[in-house]
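Asker: run-v3.pdb is reproduced in full below (PDB, C-alpha atoms).
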MODEL        1
ATOM      1  CA  MET A1337      98.186 290.575 244.413  1.00  0.00           C
ATOM      2  CA  ASN A1338      98.824 288.359 247.441  1.00  0.00           C
ATOM      3  CA  ILE A1339      95.848 286.055 248.009  1.00  0.00           C
ATOM      4  CA  LEU A1340      94.977 283.895 251.005  1.00  0.00           C
ATOM      5  CA  LEU A1341      92.564 281.031 250.316  1.00  0.00           C
ATOM      6  CA  LEU A1342      90.992 279.513 253.438  1.00  0.00           C
ATOM      7  CA  GLY A1343      90.072 275.816 253.442  1.00  0.00           C
ATOM      8  CA  SER A1344      91.340 272.332 252.733  1.00  0.00           C
ATOM      9  CA  GLY A1345      88.826 270.459 250.596  1.00  0.00           C
ATOM     10  CA  GLY A1346      88.156 269.765 246.954  1.00  0.00           C
ATOM     11  CA  ARG A1347      86.481 273.138 246.532  1.00  0.00           C
ATOM     12  CA  GLU A1348      89.685 274.813 247.667  1.00  0.00           C
ATOM     13  CA  SER A1349      91.723 272.691 245.250  1.00  0.00           C
ATOM     14  CA  ALA A1350      89.554 273.909 242.374  1.00  0.00           C
ATOM     15  CA  LEU A1351      89.720 277.516 243.580  1.00  0.00           C
ATOM     16  CA  ALA A1352      93.517 277.340 244.018  1.00  0.00           C
ATOM     17  CA  TRP A1353      93.912 275.918 240.512  1.00  0.00           C
ATOM     18  CA  LYS A1354      91.877 278.731 238.967  1.00  0.00           C
ATOM     19  CA  ILE A1355      93.182 281.590 241.134  1.00  0.00           C
ATOM     20  CA  SER A1356      96.784 280.555 240.394  1.00  0.00           C
ATOM     21  CA  GLN A1357      96.085 281.076 236.668  1.00  0.00           C
ATOM     22  CA  SER A1358      95.243 284.754 237.144  1.00  0.00           C
ATOM     23  CA  PRO A1359      97.883 287.223 235.995  1.00  0.00           C
ATOM     24  CA  ASP A1360      96.848 289.339 238.994  1.00  0.00           C
ATOM     25  CA  CYS A1361      97.897 286.620 241.451  1.00  0.00           C
ATOM     26  CA  THR A1362     101.451 287.207 242.612  1.00  0.00           C
ATOM     27  CA  ASN A1363     101.406 284.901 245.616  1.00  0.00           C
ATOM     28  CA  LEU A1364      98.796 282.303 246.602  1.00  0.00           C
ATOM     29  CA  ILE A1365      98.708 280.938 250.136  1.00  0.00           C
ATOM     30  CA  ILE A1366      96.220 278.216 251.035  1.00  0.00           C
ATOM     31  CA  ALA A1367      95.441 277.653 254.711  1.00  0.00           C
ATOM     32  CA  PRO A1368      95.587 274.893 255.643  1.00  0.00           C
ATOM     33  CA  GLY A1369      95.379 273.501 252.136  1.00  0.00           C
ATOM     34  CA  ASN A1370      95.907 269.886 251.093  1.00  0.00           C
ATOM     35  CA  GLY A1371      98.154 267.815 248.868  1.00  0.00           C
ATOM     36  CA  GLY A1372      96.397 269.068 245.752  1.00  0.00           C
ATOM     37  CA  THR A1373      96.509 272.755 246.634  1.00  0.00           C
ATOM     38  CA  ALA A1374     100.276 272.610 247.186  1.00  0.00           C
ATOM     39  CA  ARG A1375     100.633 272.350 243.394  1.00  0.00           C
ATOM     40  CA  TYR A1376      99.214 275.859 242.959  1.00  0.00           C
ATOM     41  CA  GLY A1377     100.527 277.805 245.917  1.00  0.00           C
ATOM     42  CA  CYS A1378     102.023 277.532 249.368  1.00  0.00           C
ATOM     43  CA  ASN A1379     100.107 275.642 252.063  1.00  0.00           C
ATOM     44  CA  LEU A1380     100.100 277.250 255.491  1.00  0.00           C
ATOM     45  CA  ALA A1381      99.332 275.260 258.652  1.00  0.00           C
ATOM     46  CA  LEU A1382      96.523 277.377 260.042  1.00  0.00           C
ATOM     47  CA  LYS A1383      93.034 276.735 261.375  1.00  0.00           C
ATOM     48  CA  PRO A1384      90.688 278.917 259.260  1.00  0.00           C
ATOM     49  CA  THR A1385      88.285 279.403 262.187  1.00  0.00           C
ATOM     50  CA  ASP A1386      91.079 280.871 264.360  1.00  0.00           C
ATOM     51  CA  LEU A1387      90.346 284.467 263.409  1.00  0.00           C
ATOM     52  CA  GLU A1388      93.379 285.913 265.193  1.00  0.00           C
ATOM     53  CA  ALA A1389      95.688 283.437 263.422  1.00  0.00           C
ATOM     54  CA  VAL A1390      94.145 284.369 260.072  1.00  0.00           C
ATOM     55  CA  LEU A1391      94.701 288.068 260.841  1.00  0.00           C
ATOM     56  CA  GLU A1392      98.312 287.339 261.776  1.00  0.00           C
ATOM     57  CA  ALA A1393      98.819 285.476 258.468  1.00  0.00           C
ATOM     58  CA  VAL A1394      97.211 288.343 256.547  1.00  0.00           C
ATOM     59  CA  LYS A1395      99.582 290.849 258.094  1.00  0.00           C
ATOM     60  CA  ALA A1396     102.702 288.654 257.939  1.00  0.00           C
ATOM     61  CA  ASN A1397     102.178 287.877 254.243  1.00  0.00           C
ATOM     62  CA  SER A1398     100.915 291.305 253.073  1.00  0.00           C
ATOM     63  CA  ILE A1399      97.665 289.722 251.901  1.00  0.00           C
ATOM     64  CA  ASP A1400      95.502 291.851 249.592  1.00  0.00           C
ATOM     65  CA  MET A1401      92.541 289.476 249.277  1.00  0.00           C
ATOM     66  CA  VAL A1402      91.122 286.606 251.326  1.00  0.00           C
ATOM     67  CA  VAL A1403      88.946 284.014 249.566  1.00  0.00           C
ATOM     68  CA  VAL A1404      86.938 281.886 251.978  1.00  0.00           C
ATOM     69  CA  GLY A1405      86.381 278.417 250.532  1.00  0.00           C
ATOM     70  CA  ASN A1406      84.132 276.728 253.080  1.00  0.00           C
ATOM     71  CA  GLU A1407      81.427 277.895 255.452  1.00  0.00           C
ATOM     72  CA  ASP A1408      83.135 277.302 258.822  1.00  0.00           C
ATOM     73  CA  PRO A1409      85.224 280.517 258.846  1.00  0.00           C
ATOM     74  CA  LEU A1410      82.250 282.444 257.435  1.00  0.00           C
ATOM     75  CA  VAL A1411      79.954 281.217 260.200  1.00  0.00           C
ATOM     76  CA  ALA A1412      82.698 282.083 262.702  1.00  0.00           C
ATOM     77  CA  GLY A1413      82.594 285.676 261.388  1.00  0.00           C
ATOM     78  CA  ILE A1414      85.849 285.973 259.423  1.00  0.00           C
ATOM     79  CA  THR A1415      84.418 288.560 257.002  1.00  0.00           C
ATOM     80  CA  ASP A1416      83.175 290.865 259.762  1.00  0.00           C
ATOM     81  CA  PHE A1417      86.365 290.378 261.769  1.00  0.00           C
ATOM     82  CA  LEU A1418      88.682 291.267 258.878  1.00  0.00           C
ATOM     83  CA  ALA A1419      86.491 294.213 257.852  1.00  0.00           C
ATOM     84  CA  LYS A1420      87.096 295.640 261.326  1.00  0.00           C
ATOM     85  CA  GLU A1421      90.716 294.600 261.905  1.00  0.00           C
ATOM     86  CA  ALA A1422      92.113 294.859 258.363  1.00  0.00           C
ATOM     87  CA  PRO A1423      89.687 297.005 256.325  1.00  0.00           C
ATOM     88  CA  GLU A1424      92.174 297.363 253.455  1.00  0.00           C
ATOM     89  CA  VAL A1425      91.892 293.622 252.710  1.00  0.00           C
ATOM     90  CA  LEU A1426      89.221 292.475 250.284  1.00  0.00           C
ATOM     91  CA  VAL A1427      87.329 289.451 251.650  1.00  0.00           C
ATOM     92  CA  VAL A1428      85.314 287.230 249.319  1.00  0.00           C
ATOM     93  CA  GLY A1429      82.424 285.853 251.364  1.00  0.00           C
ATOM     94  CA  PRO A1430      79.276 286.937 253.176  1.00  0.00           C
ATOM     95  CA  SER A1431      79.040 288.399 256.661  1.00  0.00           C
ATOM     96  CA  LYS A1432      78.491 286.196 259.694  1.00  0.00           C
ATOM     97  CA  GLU A1433      74.761 286.899 259.503  1.00  0.00           C
ATOM     98  CA  GLY A1434      74.692 286.072 255.784  1.00  0.00           C
ATOM     99  CA  ALA A1435      76.592 282.828 256.363  1.00  0.00           C
ATOM    100  CA  ARG A1436      73.896 281.534 258.726  1.00  0.00           C
ATOM    101  CA  LEU A1437      71.917 280.138 255.792  1.00  0.00           C
ATOM    102  CA  GLU A1438      74.783 277.928 254.658  1.00  0.00           C
ATOM    103  CA  GLY A1439      76.003 277.002 258.122  1.00  0.00           C
ATOM    104  CA  SER A1440      72.682 276.134 259.750  1.00  0.00           C
ATOM    105  CA  LYS A1441      70.886 272.831 259.309  1.00  0.00           C
ATOM    106  CA  ASP A1442      67.754 274.328 260.891  1.00  0.00           C
ATOM    107  CA  LEU A1443      67.519 277.788 259.338  1.00  0.00           C
ATOM    108  CA  ALA A1444      66.763 276.934 255.701  1.00  0.00           C
ATOM    109  CA  PRO A1445      64.015 274.340 256.329  1.00  0.00           C
ATOM    110  CA  ASN A1446      62.246 276.725 258.724  1.00  0.00           C
ATOM    111  CA  MET A1447      62.198 279.717 256.400  1.00  0.00           C
ATOM    112  CA  PRO A1448      58.755 281.006 255.416  1.00  0.00           C
ATOM    113  CA  PRO A1449      57.585 279.544 252.094  1.00  0.00           C
ATOM    114  CA  SER A1450      57.612 283.016 250.529  1.00  0.00           C
ATOM    115  CA  ILE A1451      61.397 283.187 251.034  1.00  0.00           C
ATOM    116  CA  SER A1452      63.474 280.630 249.200  1.00  0.00           C
ATOM    117  CA  ALA A1453      67.216 280.204 249.028  1.00  0.00           C
ATOM    118  CA  SER A1454      67.100 280.925 245.299  1.00  0.00           C
ATOM    119  CA  SER A1455      65.256 284.204 245.867  1.00  0.00           C
ATOM    120  CA  LEU A1456      67.790 285.217 248.523  1.00  0.00           C
ATOM    121  CA  TRP A1457      70.625 284.338 246.160  1.00  0.00           C
ATOM    122  CA  ALA A1458      69.104 286.279 243.296  1.00  0.00           C
ATOM    123  CA  SER A1459      68.240 289.353 245.333  1.00  0.00           C
ATOM    124  CA  SER A1460      71.721 289.556 246.844  1.00  0.00           C
ATOM    125  CA  ARG A1461      73.338 289.426 243.416  1.00  0.00           C
ATOM    126  CA  LEU A1462      70.840 291.459 241.400  1.00  0.00           C
ATOM    127  CA  SER A1463      71.191 294.361 243.793  1.00  0.00           C
ATOM    128  CA  ARG A1464      74.894 294.538 242.871  1.00  0.00           C
ATOM    129  CA  ILE A1465      74.425 294.658 239.110  1.00  0.00           C
ATOM    130  CA  SER A1466      75.145 298.151 237.837  1.00  0.00           C
ATOM    131  CA  THR A1467      74.251 297.610 234.188  1.00  0.00           C
ATOM    132  CA  PRO A1468      70.894 296.418 232.886  1.00  0.00           C
ATOM    133  CA  PHE A1469      70.496 293.015 231.308  1.00  0.00           C
ATOM    134  CA  PRO A1470      70.642 293.143 227.508  1.00  0.00           C
ATOM    135  CA  ALA A1471      67.272 293.046 225.818  1.00  0.00           C
ATOM    136  CA  ALA A1472      66.304 289.585 224.602  1.00  0.00           C
ATOM    137  CA  ARG A1473      66.045 289.213 220.869  1.00  0.00           C
ATOM    138  CA  PRO A1474      62.533 288.133 219.846  1.00  0.00           C
ATOM    139  CA  SER A1475      63.941 285.439 217.565  1.00  0.00           C
ATOM    140  CA  ALA A1476      65.786 283.900 220.517  1.00  0.00           C
ATOM    141  CA  LEU A1477      62.542 283.604 222.458  1.00  0.00           C
ATOM    142  CA  SER A1478      60.438 281.930 219.781  1.00  0.00           C
ATOM    143  CA  THR A1479      60.615 278.243 219.002  1.00  0.00           C
TER     144      THR A1479
ENDMDL
END
Please express what this file holds, its structure, as structure tokens.
Answerer:
Amino acid sequence: MNILLLGSGGRESALAWKISQSPDCTNLIIAPGNGGTARYGCNLALKPTDLEAVLEAVKANSIDMVVVGNEDPLVAGITDFLAKEAPEVLVVGPSKEGARLEGSKDLAPNMPPSISASSLWASSRLSRISTPFPAARPSALST
């Protein structure tokens, strides 16, 4: 699997390190990457918020999956853009609308008290779980 990782910070270094260990990863490209990420894949001089440039890199490198490391490309709409322009590519990251919570300094503090970031996180993930949680053992619950 050819994977494109977008970003250049410490988070991307950690992601590159772990992704490179996967037996499913044939080729890892980090754009733009940093000195640390170069140890795990190939850095590509590319601005992650330049959606057309990302699409060009995806096509030129036969990318199967894009992992978005930081919020800037998400807020710019990279997930929605690639879903439209390259629907065969798996993109790890929320839609532009979903990225507003992370990218906005005003949105989260002005949310109604009944909606918290943790409840949004939980609801978005719980709705994707296809198997029920295992039943808790009574002995594990008692002290």
Asker: Mind telling me what the PyMOL selection byres ((chain A and resi 1433) around 10) catches here, as a list in words?
Answerer: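 Expected selection for the PyMOL selection byres ((chain A and resi 1433) around 10) here is Leu1410, Val1411, Ala1412, Gly1413, Asp1416, Pro1430, Ser1431, Lys1432, Gly1434, Ala1435, Arg1436 and Leu1437 of chain A.
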Asker: Which residues are close to A:Ser1358, i.e. within 12 Å by all atoms listed in the file, leaving aside same-chain residues fewer than 5 positions away? Reply as a list in words.
Answerer: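 Answer for this query is Met1337, Asn1338, Ile1339, Leu1351, Ala1352, Trp1353, Asn1363, Leu1364 and Tyr1376 of chain A.
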Asker: With distances taken over all atoms listed in the file, which of A:Val1394, A:Ala1350, A:Leu1342, A:Ile1414 is nearest to A:Gly1372?
Answerer: A:Ala1350
Asker: With the PyMOL selection byres ((chain A and resi 1380) around 10) as the selection, what would be picked from this file? Answer as a list in words, please.
Answerer: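 On this input, the PyMOL selection byres ((chain A and resi 1380) around 10) captures Leu1340, Leu1341, Leu1342, Ile1365, Ile1366, Ala1367, Pro1368, Gly1369, Asn1370, Ala1374, Gly1377, Cys1378, Asn1379, Ala1381, Leu1382, Lys1383 and Ala1393 of chain A.
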Asker: Could you turn the residues from that selection into a file that holds C-alpha atoms, as a short mmCIF file (atom, residue, chain, number, x, y, z; two decimals), in the coordinates of the input?
Answerer:
data_model
loop_
_atom_site.label_atom_id
_atom_site.label_comp_id
_atom_site.auth_asym_id
_atom_site.auth_seq_id
_atom_site.Cartn_x
_atom_site.Cartn_y
_atom_site.Cartn_z
CA LEU A 1340 94.98 283.90 251.00
CA LEU A 1341 92.56 281.03 250.32
CA LEU A 1342 90.99 279.51 253.44
CA ILE A 1365 98.71 280.94 250.14
CA ILE A 1366 96.22 278.22 251.04
CA ALA A 1367 95.44 277.65 254.71
CA PRO A 1368 95.59 274.89 255.64
CA GLY A 1369 95.38 273.50 252.14
CA ASN A 1370 95.91 269.89 251.09
CA ALA A 1374 100.28 272.61 247.19
CA GLY A 1377 100.53 277.80 245.92
CA CYS A 1378 102.02 277.53 249.37
CA ASN A 1379 100.11 275.64 252.06
CA ALA A 1381 99.33 275.26 258.65
CA LEU A 1382 96.52 277.38 260.04
CA LYS A 1383 93.03 276.74 261.38
CA ALA A 1393 98.82 285.48 258.47
#
Asker: One decimal, in Å: what's the spacing between atom CA of A:Met1401 and atom CA of A:Leu1426?
Answerer: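 Atom CA of A:Met1401 sits 4.6 Å away from atom CA of A:Leu1426.
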Asker: Ranking A:Gly1345, A:Pro1423, A:Thr1385, A:Val1428 by minimum distance to A:Asp1408 and counting all atoms listed in the file, which one comes first?
Answerer: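 Ranking A:Gly1345, A:Pro1423, A:Thr1385, A:Val1428 by distance to A:Asp1408, first place goes to A:Thr1385.
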Asker: Have a look at atom CA of A:Lys1395 and atom CA of A:Thr1373 and let me know their distance in Å, one decimal.
Answerer: 21.6 Å
